[in-house]
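Visitor: Have a look at the structure that comes next, please.
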Amino acid sequence: MSTKKPSPTHKSLRSACTSRTPWAVLQLIIFVSLLVAMSTAHELQLKDDSLTAWDAYLQTANSHASSQTPFLWVDQMPERLQRVRAGEILVSPVGERVPKPVPSGLIHDWIGVAFIPGATIEDILFVVRDYGNYKSYYKPTVVDSGLLSSAANCENYSIRVVNKEAVAHTALDMEYETCYFKVAENRWYSITHSTSVREIRHYGQVDEQELAPDRGSGYIWRLYSIARFEQRDGGTYVEVEGIGLSRDIPAAVRWFVNPIVRRVSRNSLLISLEQTRKAVRLTENAGKNAKSPTPAEN
């Protein structure tokens with residue numbers, strides 16, 4: 001797996017603020033591990049009708065995102081903004097029925113927002129593009145990551161996540177593309193989608209097996225996210241809508257599993273935002289003592 005060692009200085013990353021944010025897709029990774037233990041062990045294949053429903057759902061989600069007013073979801077209700085400004089991380093399902101059943105699958109759609117006092121957008125982008133330290137920022141789920149390529153305002157990268165809670169250890173090798181857009185000096189947004197998902201069964205064991213794309217347990221088929229960043233009020237708001245496609249839950253246990261999936265998915269997004277906030281504080285402190293970069297480092 002490709003890895004890229006980040007620049008040792010905060011300043012150099014500030015100067016390259018065209019940014020990479022793979023972190024925006026991680027918030028849906030942890031909760032789906034529950035589906036592995038709850039599901040049957042035989043290998044599944046992603047169905048065409050599931051993909052058709054997924055594409056239709058994303059079209060609607062993108063349409064809503066492009067027309068969203070105000071820019072941040074948190075600004076739609078004063079009470080939300082007050083709670084977030086006070087330090088709370090808010091997480092909410094998007095829509096009345098989450099997870100949403102589709103043919104042979106489920107769509108999970110959640111939105112979360114955090115406020116980081118004193119932080120700039122550059123501070124946030126420093127963390128979310130720091131691939132080499134993901135295993136520290138987002139442990140224990142992320143074990144490796146790296147930049148694959150970049151062009152204009154888009155980057156392609158790889159992430160390996162490990163699920164140690166299932167009956168047999170499972171890992172996912174995933175590739176993503178993230179594209180960044182600057183709306184104003186104090187506003188950015190990004191769109192991220194998975195381009196490849198490969199399941200590794202019995203990860204770290206002698207019978208480790210890497211499966212073909214779109215085959216496996218089906219606890220993650222696709223991931224998509226829309227992230228928004230706005231700097232104001234003496235800090236920066238970080239807001240992420242994370243959308244995932246997974247296999248369906250057997251009807252016999254759906255009544256029991258669905259509430260658990262909702263609870264775990266909410267907590268996973270909350271933890272991811274909290275880990276990002278802590279990482280920003282960590283890198284801010286490190287940046288104060290870092291030396292100025294050389295031209296080659298920049």
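A note on labels: chains of the structure tokens are A, B, ... as shown, every chain counts residues from 1, and ligands are counted from 1 in their shown order.
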Can you list, as an mmCIF file with N, CA and C atoms, in the first residue's frame, every protein, DNA or RNA residue that comes within 9 Å of Val161 (chain A) when you count only C-alpha atoms, leaving out same-chain residues fewer than 3 positions away?

Guide:
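Everything below was put into result_8.cif:
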data_model
loop_
_atom_site.group_PDB
_atom_site.id
_atom_site.type_symbol
_atom_site.label_atom_id
_atom_site.label_comp_id
_atom_site.auth_asym_id
_atom_site.auth_seq_id
_atom_site.Cartn_x
_atom_site.Cartn_y
_atom_site.Cartn_z
ATOM 1 N N ILE A 29 -17.211 4.049 8.792
ATOM 2 C CA ILE A 29 -16.490 2.782 8.751
ATOM 3 C C ILE A 29 -16.763 1.931 9.982
ATOM 4 N N ILE A 30 -16.723 2.527 11.166
ATOM 5 C CA ILE A 30 -16.741 1.736 12.384
ATOM 6 C C ILE A 30 -18.064 1.008 12.577
ATOM 7 N N PRO A 140 -8.298 2.889 16.732
ATOM 8 C CA PRO A 140 -7.536 1.778 16.150
ATOM 9 C C PRO A 140 -8.048 1.333 14.782
ATOM 10 N N THR A 141 -9.011 2.083 14.196
ATOM 11 C CA THR A 141 -9.624 1.618 12.961
ATOM 12 C C THR A 141 -8.676 1.720 11.766
ATOM 13 N N VAL A 142 -8.019 2.863 11.602
ATOM 14 C CA VAL A 142 -7.144 3.076 10.454
ATOM 15 C C VAL A 142 -5.740 2.571 10.779
ATOM 16 N N VAL A 143 -5.210 1.703 9.903
ATOM 17 C CA VAL A 143 -3.873 1.143 10.130
ATOM 18 C C VAL A 143 -2.883 1.565 9.051
ATOM 19 N N ASP A 144 -3.351 2.106 7.924
ATOM 20 C CA ASP A 144 -2.434 2.555 6.876
ATOM 21 C C ASP A 144 -3.196 3.454 5.911
ATOM 22 N N SER A 145 -2.463 4.328 5.215
ATOM 23 C CA SER A 145 -3.088 5.216 4.239
ATOM 24 C C SER A 145 -2.002 5.879 3.421
ATOM 25 N N THR A 170 -11.260 -8.797 9.934
ATOM 26 C CA THR A 170 -11.528 -8.361 8.574
ATOM 27 C C THR A 170 -10.922 -6.988 8.363
ATOM 28 N N ALA A 171 -10.360 -6.776 7.167
ATOM 29 C CA ALA A 171 -9.838 -5.465 6.794
ATOM 30 C C ALA A 171 -10.455 -5.048 5.473
ATOM 31 N N LEU A 172 -10.436 -3.754 5.219
ATOM 32 C CA LEU A 172 -10.879 -3.218 3.946
ATOM 33 C C LEU A 172 -9.775 -2.354 3.372
ATOM 34 N N ASP A 173 -9.398 -2.628 2.129
ATOM 35 C CA ASP A 173 -8.525 -1.744 1.370
ATOM 36 C C ASP A 173 -9.413 -0.912 0.464
ATOM 37 N N MET A 174 -9.398 0.405 0.691
ATOM 38 C CA MET A 174 -10.305 1.284 -0.035
ATOM 39 C C MET A 174 -9.535 2.406 -0.711
#

Visitor: Apply DSSP to the structure's backbone, then extract all residues of region 134-217 of chain A labelled helix (DSSP H, G or I) and return them as a list of chain:residue names.

Guide: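 Taking region 134-217 of chain A and keeping helix (DSSP H, G or I) gives A:Tyr134, A:Lys135, A:Ser136, A:Tyr137.
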
Visitor: Write out as a ChimeraX atom specification all residues of region 152-232 of chain A that DSSP puts in strand (DSSP E) for this structure's backbone.

Guide: /A:154-163,170-184,187-201,209-210,215-216,222-232

Visitor: Would you mind listing what lies within 10 Å of region 207-215 of chain A as a PDB file with C-alpha atoms, in the first residue's frame, with only C-alpha atoms counted and same-chain residues fewer than 4 positions away left out?

Guide:
ATOM      1  CA  GLU A  43     -19.628 -14.370   0.229  1.00  0.00           C
ATOM      2  CA  LEU A  44     -22.019 -11.876  -1.348  1.00  0.00           C
ATOM      3  CA  GLN A  45     -21.859  -9.812  -4.537  1.00  0.00           C
ATOM      4  CA  LEU A  46     -23.045  -6.237  -4.988  1.00  0.00           C
ATOM      5  CA  LYS A  47     -26.265  -6.281  -6.995  1.00  0.00           C
ATOM      6  CA  HIS A 169     -10.591 -10.329  11.681  1.00  0.00           C
ATOM      7  CA  THR A 170     -11.528  -8.361   8.574  1.00  0.00           C
ATOM      8  CA  ALA A 171      -9.838  -5.465   6.794  1.00  0.00           C
ATOM      9  CA  LEU A 172     -10.879  -3.218   3.946  1.00  0.00           C
ATOM     10  CA  ASP A 173      -8.525  -1.744   1.370  1.00  0.00           C
ATOM     11  CA  MET A 174     -10.305   1.284  -0.035  1.00  0.00           C
ATOM     12  CA  THR A 195     -13.546   4.265  -6.158  1.00  0.00           C
ATOM     13  CA  SER A 196     -12.580   0.782  -4.957  1.00  0.00           C
ATOM     14  CA  VAL A 197     -13.449  -1.361  -1.923  1.00  0.00           C
ATOM     15  CA  ARG A 198     -11.692  -4.696  -1.386  1.00  0.00           C
ATOM     16  CA  GLU A 199     -12.353  -6.910   1.593  1.00  0.00           C
ATOM     17  CA  ILE A 200      -9.496  -8.858   3.205  1.00  0.00           C
ATOM     18  CA  ARG A 201     -10.772 -11.865   5.110  1.00  0.00           C
ATOM     19  CA  HIS A 202      -8.884 -13.350   8.057  1.00  0.00           C
ATOM     20  CA  TYR A 203      -6.636 -10.286   8.081  1.00  0.00           C
ATOM     21  CA  ILE A 220     -19.473  -1.642   3.028  1.00  0.00           C
ATOM     22  CA  TRP A 221     -20.111  -1.478  -0.719  1.00  0.00           C
ATOM     23  CA  ARG A 222     -19.809   2.273  -1.273  1.00  0.00           C
TER      24      ARG A 222
END

Visitor: What are the closest atom pairs, with distances in Å to one decimal, for all residues of region 166-260 of chain A lying within 6 Å of region 99-112 of chain A? Consider only C-alpha atoms, order rows by chain and residue number, and present the result as a tab-separated table.

Guide:
residue	atom	partner	partner_atom	distance
A:Glu239	CA	A:Gly112	CA	5.7
A:Val240	CA	A:Gly112	CA	5.4
A:Glu241	CA	A:Ile111	CA	4.1
A:Gly242	CA	A:Trp110	CA	5.5
A:Ile243	CA	A:Asp109	CA	4.4
A:Gly244	CA	A:His108	CA	5.1
A:Leu245	CA	A:Ile107	CA	4.7
A:Ser246	CA	A:Leu106	CA	5.3
A:Arg247	CA	A:Gly105	CA	4.3
A:Asp248	CA	A:Gly105	CA	4.1

Visitor: Keeping only N, CA and C atoms, write those residues as a PDB file, in the first residue's frame.

Guide:
ATOM      1  N   GLU A 239     -18.429  20.357   9.266  1.00  0.00           N
ATOM      2  CA  GLU A 239     -19.718  19.687   9.105  1.00  0.00           C
ATOM      3  C   GLU A 239     -19.596  18.627   8.020  1.00  0.00           C
ATOM      4  N   VAL A 240     -20.031  17.411   8.315  1.00  0.00           N
ATOM      5  CA  VAL A 240     -19.886  16.303   7.375  1.00  0.00           C
ATOM      6  C   VAL A 240     -21.186  15.524   7.277  1.00  0.00           C
ATOM      7  N   GLU A 241     -21.623  15.302   6.044  1.00  0.00           N
ATOM      8  CA  GLU A 241     -22.688  14.348   5.780  1.00  0.00           C
ATOM      9  C   GLU A 241     -22.053  13.106   5.172  1.00  0.00           C
ATOM     10  N   GLY A 242     -22.168  11.979   5.860  1.00  0.00           N
ATOM     11  CA  GLY A 242     -21.582  10.731   5.400  1.00  0.00           C
ATOM     12  C   GLY A 242     -22.667   9.763   4.973  1.00  0.00           C
ATOM     13  N   ILE A 243     -22.512   9.189   3.776  1.00  0.00           N
ATOM     14  CA  ILE A 243     -23.515   8.290   3.214  1.00  0.00           C
ATOM     15  C   ILE A 243     -22.838   6.975   2.855  1.00  0.00           C
ATOM     16  N   GLY A 244     -23.433   5.865   3.241  1.00  0.00           N
ATOM     17  CA  GLY A 244     -22.847   4.565   2.959  1.00  0.00           C
ATOM     18  C   GLY A 244     -23.875   3.587   2.427  1.00  0.00           C
ATOM     19  N   LEU A 245     -23.410   2.671   1.578  1.00  0.00           N
ATOM     20  CA  LEU A 245     -24.235   1.588   1.064  1.00  0.00           C
ATOM     21  C   LEU A 245     -23.706   0.272   1.611  1.00  0.00           C
ATOM     22  N   SER A 246     -24.569  -0.520   2.219  1.00  0.00           N
ATOM     23  CA  SER A 246     -24.180  -1.809   2.775  1.00  0.00           C
ATOM     24  C   SER A 246     -25.164  -2.881   2.314  1.00  0.00           C
ATOM     25  N   ARG A 247     -24.860  -4.120   2.639  1.00  0.00           N
ATOM     26  CA  ARG A 247     -25.793  -5.224   2.401  1.00  0.00           C
ATOM     27  C   ARG A 247     -27.028  -5.053   3.284  1.00  0.00           C
ATOM     28  N   ASP A 248     -28.049  -5.756   2.963  1.00  0.00           N
ATOM     29  CA  ASP A 248     -29.264  -5.712   3.759  1.00  0.00           C
ATOM     30  C   ASP A 248     -29.079  -6.537   5.031  1.00  0.00           C
TER      31      ASP A 248
END

Visitor: Hey, can you check how far CA of Ile121 (chain A) sits from CA of Tyr180 (chain A)?

Guide: 12.6 Å

Visitor: When distances are computed from only C-alpha atoms, which of A:Ala61, A:Val238, A:Val74, A:Ala53 shows the smallest separation from Leu273 (chain A)?

Guide: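 Closest candidate: A:Val238.
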
Visitor: What are the closest atom pairs, with distances in Å to one decimal, for each residue of region 184-290 of chain A lying within 12 Å of region 127-138 of chain A, using only C-alpha atoms, rows by chain and rising residue number, as CSV?

Guide:
residue,atom,partner,partner_atom,distance
A:Ser190,CA,A:Val128,CA,11.6
A:Ala227,CA,A:Val128,CA,11.4
A:Phe229,CA,A:Val128,CA,11.9
A:Val238,CA,A:Val128,CA,11.3
A:Ser268,CA,A:Tyr138,CA,11.1
A:Leu269,CA,A:Tyr138,CA,11.7
A:Ile271,CA,A:Tyr138,CA,9.1
A:Ser272,CA,A:Tyr138,CA,7.2
A:Leu273,CA,A:Tyr138,CA,9.9
A:Glu274,CA,A:Tyr138,CA,9.9
A:Gln275,CA,A:Tyr137,CA,6.3
A:Thr276,CA,A:Tyr137,CA,7.0
A:Arg277,CA,A:Val127,CA,9.2
A:Lys278,CA,A:Tyr137,CA,8.1
A:Ala279,CA,A:Tyr137,CA,6.0
A:Val280,CA,A:Val127,CA,6.1
A:Arg281,CA,A:Val127,CA,9.6
A:Leu282,CA,A:Val127,CA,9.4
A:Thr283,CA,A:Val127,CA,7.3
A:Glu284,CA,A:Val127,CA,9.6
A:Ala286,CA,A:Val127,CA,11.8
A:Gly287,CA,A:Val127,CA,11.5

Visitor: When distances are computed from only C-alpha atoms, which of A:Asn285, A:Thr69, A:Thr120, A:Asn153 shows the smallest separation from Asp233 (chain A)?

Guide: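 For Asp233 (chain A), the nearest of the candidates is A:Thr120.
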
Visitor: A:Val206, A:Ser194, A:Phe126, A:Arg85: which is nearest Ser158 (chain A), counting only C-alpha atoms?

Guide: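 Once distances to Ser158 (chain A) are computed over only C-alpha atoms, the minimum belongs to A:Ser194.
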
Visitor: Within 12 Å of Val183 (chain A), counting only C-alpha atoms, which residues show up once you throw out same-chain ones fewer than 6 positions away? Write them as an mmCIF file with N, CA and C atoms, in the first residue's frame, please.

Guide:
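The result, written out as selection19.cif:
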data_model
loop_
_atom_site.group_PDB
_atom_site.id
_atom_site.type_symbol
_atom_site.label_atom_id
_atom_site.label_comp_id
_atom_site.auth_asym_id
_atom_site.auth_seq_id
_atom_site.Cartn_x
_atom_site.Cartn_y
_atom_site.Cartn_z
ATOM 1 N N SER A 66 -26.409 21.228 -3.097
ATOM 2 C CA SER A 66 -26.080 22.399 -3.908
ATOM 3 C C SER A 66 -27.031 23.562 -3.646
ATOM 4 N N PHE A 71 -25.420 27.977 4.324
ATOM 5 C CA PHE A 71 -24.328 27.099 3.910
ATOM 6 C C PHE A 71 -24.172 25.902 4.833
ATOM 7 N N TYR A 189 -15.820 23.497 0.654
ATOM 8 C CA TYR A 189 -16.544 22.237 0.774
ATOM 9 C C TYR A 189 -15.843 21.188 -0.074
ATOM 10 N N SER A 190 -16.070 19.923 0.255
ATOM 11 C CA SER A 190 -15.453 18.831 -0.489
ATOM 12 C C SER A 190 -16.483 17.752 -0.780
ATOM 13 N N ARG A 228 -18.304 20.354 4.751
ATOM 14 C CA ARG A 228 -18.296 21.820 4.661
ATOM 15 C C ARG A 228 -17.463 22.389 5.799
ATOM 16 N N PHE A 229 -16.726 23.435 5.489
ATOM 17 C CA PHE A 229 -15.875 24.100 6.475
ATOM 18 C C PHE A 229 -16.163 25.601 6.402
ATOM 19 N N GLU A 230 -16.431 26.200 7.548
ATOM 20 C CA GLU A 230 -16.643 27.645 7.593
ATOM 21 C C GLU A 230 -15.919 28.227 8.802
ATOM 22 N N GLN A 231 -15.074 29.219 8.535
ATOM 23 C CA GLN A 231 -14.311 29.874 9.587
ATOM 24 C C GLN A 231 -15.002 31.176 9.975
#

Visitor: In Å, how far is it from CA of Gly218 (chain A) to CA of Leu147 (chain A)?

Guide: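 Going from CA of Gly218 (chain A) over to CA of Leu147 (chain A) covers 25.4 Å.
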